[in-house]
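Shown next, in structure tokens, is the structure this report addresses.
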Amino acid sequence: MGLAFPGWRVSCRELAAARGVSPDKVVLGLGVESFAVPMPWQDAVTLAGDALDDLAAQGVDLGRIGRIVVATESALDGSKPVAAWLAGMLRLDDDCEAFDVKFACVGGVYALLDGLRFVESTGLPAVVVTTDIAVYGPDGSAECTQGAGAAALYLAPDPGLMAIDPSRTGTFTRDEDDFFRPFGRFEAVVRGRKSVECYLAALTAVERYRERYAPDGLLAGGLDGIVFHVPYPGLPRKALTRLLEAESVDESTAQRLREAVEWSVLPAGIVGNSYTASLFVALAGLVTGLKGNRTSTDLAGLRVGMYSYGSGSGSRFFVGEMQGCREAEAHLVRTLGGLAELPMLGVEDMEAAFYRRQVPAGIRPGPGWYVADEDDTGYRRYLRRS
């Protein structure tokens, strides 16, 4: 897994105070300390490119893949997929399939499961990229649940980090208006209370998985943790409580699952909501927690439930088995270990960068992909700084 985040963040405590809201209500209630702030030269394409570069730096040969799929709700073109830009940026072979998938935050899991079936049927490796910038604007409590990030997933016949059976899933779909962003709107429309209700109602996907594949008990049947989509850290805690209420387990099992959730939500407390990438950032958080809090750091054989929710609304649930790839695990630990060192912006600089697309004074681009040009038609071109 390759990860990428903007290089700056803003304190939610400072932001809440500036908005006249109790900082404790935000930080303790939502569980957020800060969120990542993209600069004007960054967008969903550049974050995706940086995540792919991170994947390549781990020795993945992207020239061998037969498919690249992007899941995002932050695309800036209604026709051209982000995947096509990435294919050009990385100079992929022109017989590589490239397309985008959309279903809010759950789109990444739809792309992942379909990608695994592609690998099974063709024998070719594939890449799924999840990349997003969560923007709600300066009005309302959702502002502190903004953020940005990308995750690139390499799918191959011989799994490295985790093995997943795409035929064994639970699914839930229902037409809802809890969150949406019509074309032309930079900021999403979010109905916070309803969105929480929809997120919890969509746990039906977990129930369906249990009925089909774990009738004797899912939580008590050997799960070492559950990773949830993390709009903000407080919501997975509520979701786990709901699942624990539905299935009786002993206290040691319940405590193990609670600890796993706490490890998984730590990255979101720093970089915020990354929409389609959120579930995989949370998985990286769980891996980091398990590596640092176990007598044995061998994760091979651990079984992890994965719950993804997308507004609008839909959810998917599946179980993956960790493969014990120490190199991939160590890379995630190193990457997440650097998040707390990301420099803080003041509220005014955050507003300039996030809302007005202006570069704050003293901020300079670092290495990575950037928007090199946007012509008068709105078409963007991208280059990489070494």
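How things are named: the first chain in the structure tokens is A, the next is B, and so on; residues count from 1 in each chain; ligands count from 1 in the order shown.
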
Margin query: For segment 155-166 of chain A, find every residue with an atom within 6 Å (counting only C-alpha atoms), except residues of its own chain fewer than 2 positions away, and show them as a list in words.
Written below: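 Listed by chain and then number, they are Leu113, Pro125, Ala126, Val127, Arg168, Gly320, Glu321, Met322, Gln323 and Cys325 of chain A.
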
For the residues in the current selection, export N, CA and C atoms as an mmCIF file, in the first residue's frame.
```
data_model
loop_
_atom_site.group_PDB
_atom_site.id
_atom_site.type_symbol
_atom_site.label_atom_id
_atom_site.label_comp_id
_atom_site.auth_asym_id
_atom_site.auth_seq_id
_atom_site.Cartn_x
_atom_site.Cartn_y
_atom_site.Cartn_z
ATOM 1 N N LEU A 113 -12.744 -4.772 -4.776
ATOM 2 C CA LEU A 113 -13.309 -6.101 -4.967
ATOM 3 C C LEU A 113 -13.376 -6.465 -6.442
ATOM 4 N N PRO A 125 -1.509 -8.302 -12.501
ATOM 5 C CA PRO A 125 -1.668 -7.416 -11.344
ATOM 6 C C PRO A 125 -2.439 -6.155 -11.725
ATOM 7 N N ALA A 126 -2.991 -5.503 -10.734
ATOM 8 C CA ALA A 126 -3.765 -4.276 -10.949
ATOM 9 C C ALA A 126 -3.491 -3.316 -9.805
ATOM 10 N N VAL A 127 -3.880 -2.080 -10.003
ATOM 11 C CA VAL A 127 -3.744 -1.064 -8.959
ATOM 12 C C VAL A 127 -5.072 -0.355 -8.785
ATOM 13 N N ARG A 168 -16.787 -13.240 -0.919
ATOM 14 C CA ARG A 168 -17.386 -13.334 0.412
ATOM 15 C C ARG A 168 -17.517 -11.925 1.009
ATOM 16 N N GLY A 320 -10.377 -9.750 5.708
ATOM 17 C CA GLY A 320 -9.083 -10.031 5.103
ATOM 18 C C GLY A 320 -8.164 -10.716 6.094
ATOM 19 N N GLU A 321 -7.226 -11.482 5.581
ATOM 20 C CA GLU A 321 -6.259 -12.172 6.439
ATOM 21 C C GLU A 321 -4.868 -11.596 6.205
ATOM 22 N N MET A 322 -4.246 -11.108 7.265
ATOM 23 C CA MET A 322 -2.913 -10.546 7.163
ATOM 24 C C MET A 322 -1.921 -11.631 6.758
ATOM 25 N N GLN A 323 -0.956 -11.248 5.898
ATOM 26 C CA GLN A 323 -0.012 -12.208 5.334
ATOM 27 C C GLN A 323 1.369 -12.156 5.981
ATOM 28 N N CYS A 325 3.663 -9.667 5.740
ATOM 29 C CA CYS A 325 4.698 -9.034 4.919
ATOM 30 C C CYS A 325 5.343 -7.902 5.730
#
```

Note to self: Would you pick out the contacts of Glu197 of chain A at 12 Å or less, using only C-alpha atoms, so that residues sharing its chain but fewer than 6 positions from it are not included, and give the list as an MDAnalysis selection string?
What the structure shows: chainID A and resid 176:179 191 203 235 238:239 242 309 311 313

Checklist line | Backbone DSSP call of alpha helix (DSSP H) for segment 165-279 of chain A, listed as a PyMOL selection string | finding: chain A and resi 192-201+204-213+234-246+251-271+278-279

I need the residues from that last selection saved to file as a CSV table (one decimal), in the first residue's frame (with C-alpha atoms), if you can.
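What ended up in part_19.csv:
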```csv
chain,number,residue,atom,x,y,z
A,192,GLY,CA,-24.7,15.4,9.7
A,193,ARG,CA,-27.3,13.7,12.0
A,194,LYS,CA,-28.9,11.9,9.1
A,195,SER,CA,-25.5,10.8,7.8
A,196,VAL,CA,-24.7,9.2,11.2
A,197,GLU,CA,-28.0,7.4,11.2
A,198,CYS,CA,-27.4,6.1,7.6
A,199,TYR,CA,-23.8,5.0,8.5
A,200,LEU,CA,-25.1,2.9,11.4
A,201,ALA,CA,-28.1,1.6,9.5
A,204,THR,CA,-26.7,-4.3,7.8
A,205,ALA,CA,-23.9,-5.3,5.5
A,206,VAL,CA,-22.1,-6.8,8.5
A,207,GLU,CA,-25.2,-8.6,9.6
A,208,ARG,CA,-25.6,-10.1,6.1
A,209,TYR,CA,-22.0,-11.3,6.1
A,210,ARG,CA,-22.5,-12.9,9.4
A,211,GLU,CA,-25.7,-14.7,8.3
A,212,ARG,CA,-24.0,-16.1,5.2
A,213,TYR,CA,-20.4,-16.9,6.3
A,234,GLY,CA,-16.0,9.0,17.1
A,235,LEU,CA,-18.2,7.3,14.5
A,236,PRO,CA,-16.3,3.9,14.3
A,237,ARG,CA,-16.6,3.7,18.1
A,238,LYS,CA,-20.4,4.0,17.9
A,239,ALA,CA,-20.4,1.4,15.1
A,240,LEU,CA,-18.5,-1.1,17.1
A,241,THR,CA,-20.7,-0.5,20.1
A,242,ARG,CA,-23.7,-1.3,17.9
A,243,LEU,CA,-22.1,-4.5,16.7
A,244,LEU,CA,-21.2,-5.6,20.2
A,245,GLU,CA,-24.8,-5.0,21.2
A,246,ALA,CA,-26.0,-7.3,18.4
A,251,GLU,CA,-15.2,-9.0,27.7
A,252,SER,CA,-11.7,-9.9,26.5
A,253,THR,CA,-12.9,-10.2,22.9
A,254,ALA,CA,-14.8,-6.9,23.2
A,255,GLN,CA,-11.7,-5.2,24.7
A,256,ARG,CA,-9.5,-6.5,21.9
A,257,LEU,CA,-11.9,-5.1,19.3
A,258,ARG,CA,-12.1,-1.7,21.1
A,259,GLU,CA,-8.3,-1.5,21.2
A,260,ALA,CA,-8.1,-2.3,17.5
A,261,VAL,CA,-10.6,0.5,16.7
A,262,GLU,CA,-8.6,3.0,18.7
A,263,TRP,CA,-5.4,2.2,16.8
A,264,SER,CA,-7.2,2.4,13.5
A,265,VAL,CA,-8.7,5.9,14.1
A,266,LEU,CA,-5.4,7.5,15.2
A,267,PRO,CA,-4.4,8.6,11.6
A,268,ALA,CA,-7.7,10.3,11.0
A,269,GLY,CA,-7.3,12.3,14.2
A,270,ILE,CA,-4.3,13.9,12.6
A,271,VAL,CA,-5.1,14.2,8.8
A,278,SER,CA,-10.2,6.6,4.8
A,279,LEU,CA,-10.7,2.8,5.2
```

Note to self: Excluding Ala152 of chain A and its own-chain neighbours fewer than 4 positions away, which residues fall within 7 Å of it when counting only C-alpha atoms? Please give them as number ranges by chain.
What the structure shows: A: 1-3, 51-52, 55, 127-130

Margin query: Using DSSP secondary structure from the backbone, list all strand (DSSP E) positions within segment 15-128 of chain A, as a ChimeraX atom specification.
Written below: /A:34-36,67-71,97-101,126-128

Give me a file of those residues, with N, CA and C atoms, as a PDB file, in the first residue's frame.
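Once written, part.pdb looks like this:
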```pdb
ATOM      1  N   SER A  34      -6.562  17.525  14.342  1.00  0.00           N
ATOM      2  CA  SER A  34      -6.165  18.367  13.218  1.00  0.00           C
ATOM      3  C   SER A  34      -6.668  17.730  11.939  1.00  0.00           C
ATOM      4  N   PHE A  35      -6.531  18.438  10.823  1.00  0.00           N
ATOM      5  CA  PHE A  35      -6.810  17.814   9.529  1.00  0.00           C
ATOM      6  C   PHE A  35      -5.837  18.354   8.488  1.00  0.00           C
ATOM      7  N   ALA A  36      -5.571  17.535   7.481  1.00  0.00           N
ATOM      8  CA  ALA A  36      -4.609  17.884   6.440  1.00  0.00           C
ATOM      9  C   ALA A  36      -5.180  18.946   5.517  1.00  0.00           C
ATOM     10  N   ARG A  67      -4.429  -3.112 -15.149  1.00  0.00           N
ATOM     11  CA  ARG A  67      -5.570  -2.223 -14.882  1.00  0.00           C
ATOM     12  C   ARG A  67      -5.183  -1.227 -13.804  1.00  0.00           C
ATOM     13  N   ILE A  68      -5.621   0.024 -13.987  1.00  0.00           N
ATOM     14  CA  ILE A  68      -5.539   1.036 -12.935  1.00  0.00           C
ATOM     15  C   ILE A  68      -6.920   1.659 -12.787  1.00  0.00           C
ATOM     16  N   VAL A  69      -7.446   1.613 -11.571  1.00  0.00           N
ATOM     17  CA  VAL A  69      -8.790   2.141 -11.289  1.00  0.00           C
ATOM     18  C   VAL A  69      -8.682   3.159 -10.162  1.00  0.00           C
ATOM     19  N   VAL A  70      -9.379   4.262 -10.306  1.00  0.00           N
ATOM     20  CA  VAL A  70      -9.385   5.309  -9.286  1.00  0.00           C
ATOM     21  C   VAL A  70     -10.782   5.439  -8.714  1.00  0.00           C
ATOM     22  N   ALA A  71     -10.879   5.445  -7.394  1.00  0.00           N
ATOM     23  CA  ALA A  71     -12.132   5.747  -6.702  1.00  0.00           C
ATOM     24  C   ALA A  71     -11.973   7.110  -6.045  1.00  0.00           C
ATOM     25  N   GLU A  97      -5.950  -1.133 -18.811  1.00  0.00           N
ATOM     26  CA  GLU A  97      -7.275  -0.573 -18.565  1.00  0.00           C
ATOM     27  C   GLU A  97      -7.178   0.581 -17.568  1.00  0.00           C
ATOM     28  N   ALA A  98      -7.966   1.638 -17.790  1.00  0.00           N
ATOM     29  CA  ALA A  98      -7.940   2.793 -16.884  1.00  0.00           C
ATOM     30  C   ALA A  98      -9.329   3.399 -16.822  1.00  0.00           C
ATOM     31  N   PHE A  99      -9.901   3.460 -15.597  1.00  0.00           N
ATOM     32  CA  PHE A  99     -11.214   4.068 -15.438  1.00  0.00           C
ATOM     33  C   PHE A  99     -11.433   4.426 -13.972  1.00  0.00           C
ATOM     34  N   ASP A 100     -12.479   5.203 -13.712  1.00  0.00           N
ATOM     35  CA  ASP A 100     -12.832   5.635 -12.360  1.00  0.00           C
ATOM     36  C   ASP A 100     -14.105   4.940 -11.889  1.00  0.00           C
ATOM     37  N   VAL A 101     -14.258   4.887 -10.567  1.00  0.00           N
ATOM     38  CA  VAL A 101     -15.445   4.327  -9.917  1.00  0.00           C
ATOM     39  C   VAL A 101     -15.983   5.371  -8.950  1.00  0.00           C
ATOM     40  N   ALA A 126      -2.991  -5.503 -10.734  1.00  0.00           N
ATOM     41  CA  ALA A 126      -3.765  -4.276 -10.949  1.00  0.00           C
ATOM     42  C   ALA A 126      -3.491  -3.316  -9.805  1.00  0.00           C
ATOM     43  N   VAL A 127      -3.880  -2.080 -10.003  1.00  0.00           N
ATOM     44  CA  VAL A 127      -3.744  -1.064  -8.959  1.00  0.00           C
ATOM     45  C   VAL A 127      -5.072  -0.355  -8.785  1.00  0.00           C
ATOM     46  N   VAL A 128      -5.470  -0.171  -7.536  1.00  0.00           N
ATOM     47  CA  VAL A 128      -6.619   0.655  -7.183  1.00  0.00           C
ATOM     48  C   VAL A 128      -6.096   1.853  -6.402  1.00  0.00           C
TER      49      VAL A 128
END
```
